[in-house]
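Worksheet for the structure shown next.
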Amino acid sequence: MERRVQDCSTSQLCNLCLQIWICFLFGHPTMAASTHPSALPLNTAQKIIMRDLASFMFTIPAPLPDGWDQRVSNPCLWSGVGCSASESAFFSVVINLNLSNCGISSSRILDYICPLDTLQSLDLSGNSIPHLPAEFVTSNCSMTSSLVALNLSSNRLIDQLSYFSGFRQLEVLDLSFNSLSGSVETKLSSLLRLRSLNLSSNKLDGDIPTDMARSLEELVLSENRFPGSIPRNLFQYGNLTYLDISQNNLMGAIPDEFLKLPKLQTLLLSDNCLSGVIPSSLSNVMTLLRFAANQNNLSGSIPNGLTKYLSNLDLSFNRLSGDIPSDLFLPPGLETIELTSNMLQGPIPTGFSQRLFCLMLTGNLLNGSIPESIGEASSLVYRELDNNQLTGTIPWQLSKCKKLSLLNLALNGLEGPIPDQFGNLDNLISLELQMNNLDGYIPGTFSGLSNLEILNLGCNLFSGEIPQGFSQLTKLSIMNLQGNRITGTIPTSFSSLWNLIELNLGSNELIGTIPTMPTSLSTLLNLSHNHLIGHIPANIDSLVKLEVLDLSYNNLSGPVPSSLHYLISLTMLVLSYNNLSGLIPSFRQHVAVEFTGNPNLLGVNCAPDDMMADNPDFRTAIWVALVSYICGFIVSFYGTGIRQGWFKGALVNIAPS
């Protein structure tokens, strides 16, 4: 009996060992599922394919992706290679391949990739591939039968768009930022599973394609040459959530049928030649979050309730007229609204969304005062109301907008002082109040604006002295106080403003001598039309980056420093109407100089006036300098938008998600 029990135990143990050995040899499903694909060896056929691909990659001058080392036996461990367990669970197969930005300039790369018949995602973006071989876009390429996502954006594809006939599983296709030409027609109609198509930034023309899969969710055709009107057949894509047909040659009216796209979230029609009115039916597209039709020829009024469901609205650079609807800024989900350069009139509505962070109303005919309720927009970051007909005072309630980074109220009829509370706007980067009727002192609280980079208060009625605390504004790059009634001396502490590139204090009532200036000055130093005395400081030669220097219409005396000759960036020097004496130094031919009104100056070292007038190099220098000076003046007084393109781009990154 004991013997039989022992034999039975031994038999059970042997059976258990046999089961474990079988699992080890053939792989138990549970065990296989728990094994990471990269730990499994690549099947033999695909290992050969990947090694051939690596050999080809080694012929490319550009650096290889990290980890592409043929000494590493398993290509699944190479950077940009994604693998998955095969159906047998003994081996892995390649399903993802990312070779973006690898410097690939030959279409032959596709010959090496095509045999990967399990590939689901291929990213070759950011290379220099010139064309797609016919074998690739047809069923002759094994990979096409399994591929789900294909990204060939930012290459150098120059052919006409090919017929894609072999991609039965393809859902995502990105051919943007190439030079593809011709019409789309039915070349993509066989992609029956397509959900996302991006053909932006090419040279495509002909009709907007409407013969594609009804599964389409994202359609991006921007920056091409599509002409004609927006086709009615576009509304058969009932699954569309994202439609971008901006930057084309589209004409005619915006169709009144967007309600037929019940899932649409983003509609971009910008930079076309669309005309007519904005359809009121857009107010009822409940899913629509972003609508942009800027830079067209749209006219008429803005429909009531347009922003009812929107987060972002851009209708700038059109011909819209009438009053701004009273409910336009109110919806709680509204974040940005841009109505720049239209013909809108009437007052600014009084209600504001608390999520609103960007409000741009520049270049309209708006009148009345700035509503005190603006303080309700506590998330406001970027506000432009310049170039309107606004009157009244600047409401102190704006100081409640603690996130405010840019405030532009220039070119209006605003009056009164700047609220002292503005000194609490810790995040303010740019403040532009030029060309109004503002008066009073410049607030000393401004010294607390530690992030301020641009300050433009030019052409107002400000009086008093420049606050000494301005020396604490160490990030300041542009300061324009021109055309006011500012008195006192120029603070000597200005030399510590080491980021200042433009200083314009012209046309004020400043007295005293010229102090040491920050060596960072490069664009402009204008101290003209004041009451400055003393000599031109000898250390002005430290401003080696300076392009324009204007000290005219003062009471400066003494010689013109010969060291000015060493300002190698200088293009224009204006010293007219002072009491300067001595010899005029020589200057480089490209420098336009003006010394009129200094009777004690001797032009021994200068060419006679008639010779200078006949000198083509001198005339060219005069023109270049004048154009630079005038452009600088225009930019300073009519908004610094050109210099602030970076700022608007930065706002995209800080926009609420």
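Starting from 1 in every chain, residues are counted up; chains themselves are A, B, ... following the order of the structure tokens, and ligands are numbered from 1 as listed.
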Excluding stretch 553-555 of chain A and any residue of its chain fewer than 6 positions from it, enumerate the residues within 10 Å of it, using only C-alpha atoms, and give them as a ChimeraX atom specification. /A:506-507,510-513,527-535,574-580,597
Residues within 8 Å of A:Ser270, please, as number ranges by chain. Count only C-alpha atoms; anything in the same chain fewer than 6 positions from it doesn't count. A: 245-247, 292-296
Between atom CA of A:Asn480 and atom CA of A:Leu521, what is the distance, to one decimal in Å? 13.1 Å
For A:Leu173, please output as an MDAnalysis selection string all residues within 7 Å (counting only C-alpha atoms; exclusion window: fewer than 2 positions along the same chain). chainID A and resid 149:151 171 175 196:198
For the residues in that selection, give me C-alpha atoms as an mmCIF file, in the first residue's frame.
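Listing of part_15.cif after writing:
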data_model
loop_
_atom_site.group_PDB
_atom_site.id
_atom_site.type_symbol
_atom_site.label_atom_id
_atom_site.label_comp_id
_atom_site.auth_asym_id
_atom_site.auth_seq_id
_atom_site.Cartn_x
_atom_site.Cartn_y
_atom_site.Cartn_z
ATOM 1 C CA ALA A 149 -1.493 55.783 -39.510
ATOM 2 C CA LEU A 150 0.916 57.316 -42.052
ATOM 3 C CA ASN A 151 2.789 60.592 -41.473
ATOM 4 C CA GLU A 171 -7.318 55.871 -40.630
ATOM 5 C CA LEU A 175 0.917 64.810 -46.080
ATOM 6 C CA SER A 196 -8.076 62.176 -40.162
ATOM 7 C CA LEU A 197 -6.670 63.797 -43.327
ATOM 8 C CA ASN A 198 -4.127 66.630 -43.322
#
What lies within 10 Å of A:Pro417 using only C-alpha atoms, ignoring chain neighbours under 4 positions off, as a list in words? Thr393, Ile394, Asn437, Leu438, Asp439, Gly440, Tyr441, Ile442, Pro443, Leu461 and Phe462 of chain A
